[in-house]
Amino acid sequence: MGYKIAVVGATGNVGREMLNILAERQFPVDEIVALASRKSQGTEVSFGDTTLKTKDLDTFDFTGWDMALFAVGSSATKEYAPKAAAAGCVVIDNSSLYRYDPDIPLIVPEVNPQDVHKYKNKNIIANPNCSTAQMVVALKPLHDRAKIKRVVVSTYQSVSGSGKEAIEELWNQTKGMYVPGQEVDPSVYTKQIAFNVIPHIDVFMDSGDTKEEWKMVAETKKIVDPAIKVTATCVRVPVFVGHSESVNIEFEDFLDEDEARDILREAPGIMVIDKREDGGYVTPVECVGDFATFISRIRQDVTVENGLNLWCVSDNLRKGAALNAVQIAELLGREVLKKG
């Protein structure tokens, strides 16, 4: 006996990836439905070897459905997620809408699986920001060993994090650099993204931080430990898929780089590729399509008493979004619903 699963926003990058991953991981599905806005109704999407035609989210009745994986913006989530939750369908939401609600668990299954039981508060579970998800997978096993005091992270985030239009903008701008008359002005981004980097993701706040930077701080505290101090600089780079992060960690106790490497090798969801030679590290191109969070460049930071540096790379459409949502669904099924 399996589950009745709804994927909301099934025509978008993350929604399609959710369907792919549900099929790849052989999630125990009895029935699955792809939902989208009325204008996308009837669009065909793939679920393994099956083709699904999207149905209209606006008229869909969630009664009798077990879980709904939401991959739509906050405004649509605000309208439809409470309806699904009220109908008894557990919502796993990829938007930022519910992440900071104290009554709604924010979950990365490798880090805080015990929080899944808190779903009963509102029948909703939140999925973290893509840049946070991959970082906390690396932080948690190290925190368990030596207790993290402070994290300084600089991100190198791919354009797929901004959606299909951003991917097209990078592609078209890059072509336009070489073809006279086909130049493309920025529309998704505030500045040219081709052959450039932009230190601006989401809106600016009064503090001078961007909302993306604030998200990493707030979510790390909620998922791992509220005592950890975090400061972030989030940068958009001309990469199609795959977020990278340079992470500097200061611990309360000394942690040797070799021990840290061994801890991370044993940690769930992590693949350590760390050779001190040409190519002995992972780049975003190599992580695309993979479930793992890759860690490289682990080394002591001698400028502080107990410091380490590391390089963290992951497919943002997978671990940063769709994969984490499916892992939450697996966790919910395994620990609570127990049908599959």
# chains A, B, ... in the order shown; residues from 1 in each chain; ligands from 1

$ select_by_dssp --residues "region 41-244 of chain A" --states "helix (DSSP H, G or I)" --output "ChimeraX atom specification"
/A:57-59,74-86,113-121,130-146,159-162,164-176,211-223

$ residues_around --residues "Ala84 (chain A)" --least-positions-apart "4" --cutoff "12 Å" --atoms "only C-alpha atoms" --output "VMD selection string"
chain A and resid 5 to 8 57 to 70 77 to 80 88 to 93 122 to 124

$ residues_around --residues "Asp115 (chain A)" --least-positions-apart "3" --cutoff "10 Å" --atoms "only C-alpha atoms" --output "count of residues only"
12

$ residues_around --residues "region 166-175 of chain A" --least-positions-apart "2" --cutoff "7 Å" --atoms "only C-alpha atoms" --output "PDB file with C-alpha atoms, in the first residue's frame"
ATOM      1  CA  VAL A 159      20.978  30.960 -12.178  1.00  0.00           C
ATOM      2  CA  SER A 160      18.596  27.991 -11.986  1.00  0.00           C
ATOM      3  CA  SER A 162      15.964  32.068 -10.110  1.00  0.00           C
ATOM      4  CA  GLY A 163      13.886  29.880 -12.442  1.00  0.00           C
ATOM      5  CA  LYS A 164      13.583  29.125 -16.139  1.00  0.00           C
ATOM      6  CA  MET A 177      28.152  38.518 -26.639  1.00  0.00           C
ATOM      7  CA  TYR A 178      29.329  36.822 -29.845  1.00  0.00           C
ATOM      8  CA  VAL A 179      26.513  37.556 -32.298  1.00  0.00           C
ATOM      9  CA  GLU A 183      22.684  41.395 -27.429  1.00  0.00           C
ATOM     10  CA  VAL A 184      20.320  40.887 -24.463  1.00  0.00           C
ATOM     11  CA  VAL A 188      15.668  38.876 -14.581  1.00  0.00           C
ATOM     12  CA  ILE A 193      24.938  37.811 -15.658  1.00  0.00           C
ATOM     13  CA  ALA A 194      26.920  36.421 -18.610  1.00  0.00           C
ATOM     14  CA  PRO A 238      27.039  32.474 -14.550  1.00  0.00           C
ATOM     15  CA  PHE A 240      23.342  27.010 -15.035  1.00  0.00           C
TER      16      PHE A 240
END

$ residues_around --residues "Val45 (chain A)" --least-positions-apart "6" --cutoff "10 Å" --atoms "only C-alpha atoms" --output "JSON, numbers by chain"
{"A": [10, 11, 12, 15, 16, 19, 20, 34, 51, 52, 53, 54]}

$ write_last_selection --atoms "N, CA and C atoms" --output "compact mmCIF listing (two decimals), in the first residue's frame"
# COMPACT_ATOMS: atom_id res chain seq x y z
N ALA A 10 3.96 21.57 -11.04
CA ALA A 10 4.64 20.45 -11.72
C ALA A 10 5.31 20.83 -13.03
N THR A 11 4.98 22.01 -13.58
CA THR A 11 5.59 22.40 -14.86
C THR A 11 6.86 23.22 -14.69
N GLY A 12 7.18 23.62 -13.45
CA GLY A 12 8.40 24.40 -13.20
C GLY A 12 9.63 23.52 -13.04
N GLY A 15 9.35 21.50 -9.72
CA GLY A 15 8.25 20.53 -9.79
C GLY A 15 8.58 19.34 -10.66
N ARG A 16 9.17 19.61 -11.82
CA ARG A 16 9.58 18.51 -12.72
C ARG A 16 10.63 17.64 -12.05
N LEU A 19 9.08 15.24 -9.55
CA LEU A 19 8.53 14.07 -10.22
C LEU A 19 9.63 13.09 -10.61
N ASN A 20 10.74 13.62 -11.15
CA ASN A 20 11.87 12.76 -11.53
C ASN A 20 12.40 11.98 -10.33
N ALA A 34 -0.24 15.71 -11.07
CA ALA A 34 0.55 16.90 -11.35
C ALA A 34 -0.39 18.09 -11.43
N THR A 51 3.56 9.47 -18.56
CA THR A 51 3.32 10.87 -18.87
C THR A 51 2.04 11.32 -18.17
N LEU A 52 2.14 12.41 -17.43
CA LEU A 52 1.00 12.96 -16.72
C LEU A 52 0.56 14.25 -17.38
N LYS A 53 -0.73 14.49 -17.42
CA LYS A 53 -1.25 15.78 -17.86
C LYS A 53 -1.62 16.60 -16.63
N THR A 54 -1.13 17.82 -16.58
CA THR A 54 -1.37 18.62 -15.40
C THR A 54 -2.85 18.99 -15.26

$ select_by_dssp --residues "region 66-288 of chain A" --states "strand (DSSP E)" --output "PyMOL selection string"
chain A and resi 67-70+90-93+124-126+148-157+229-236+243-251+270-272

$ atom_distance --atom1 "CA of Lys229 (chain A)" --atom2 "CA of Val152 (chain A)"
8.6 Å

$ residues_around --residues "Ile228 (chain A)" --least-positions-apart "4" --cutoff "7 Å" --atoms "only C-alpha atoms" --output "list in words"
Ile148, Lys149, Arg150 and Lys221 of chain A
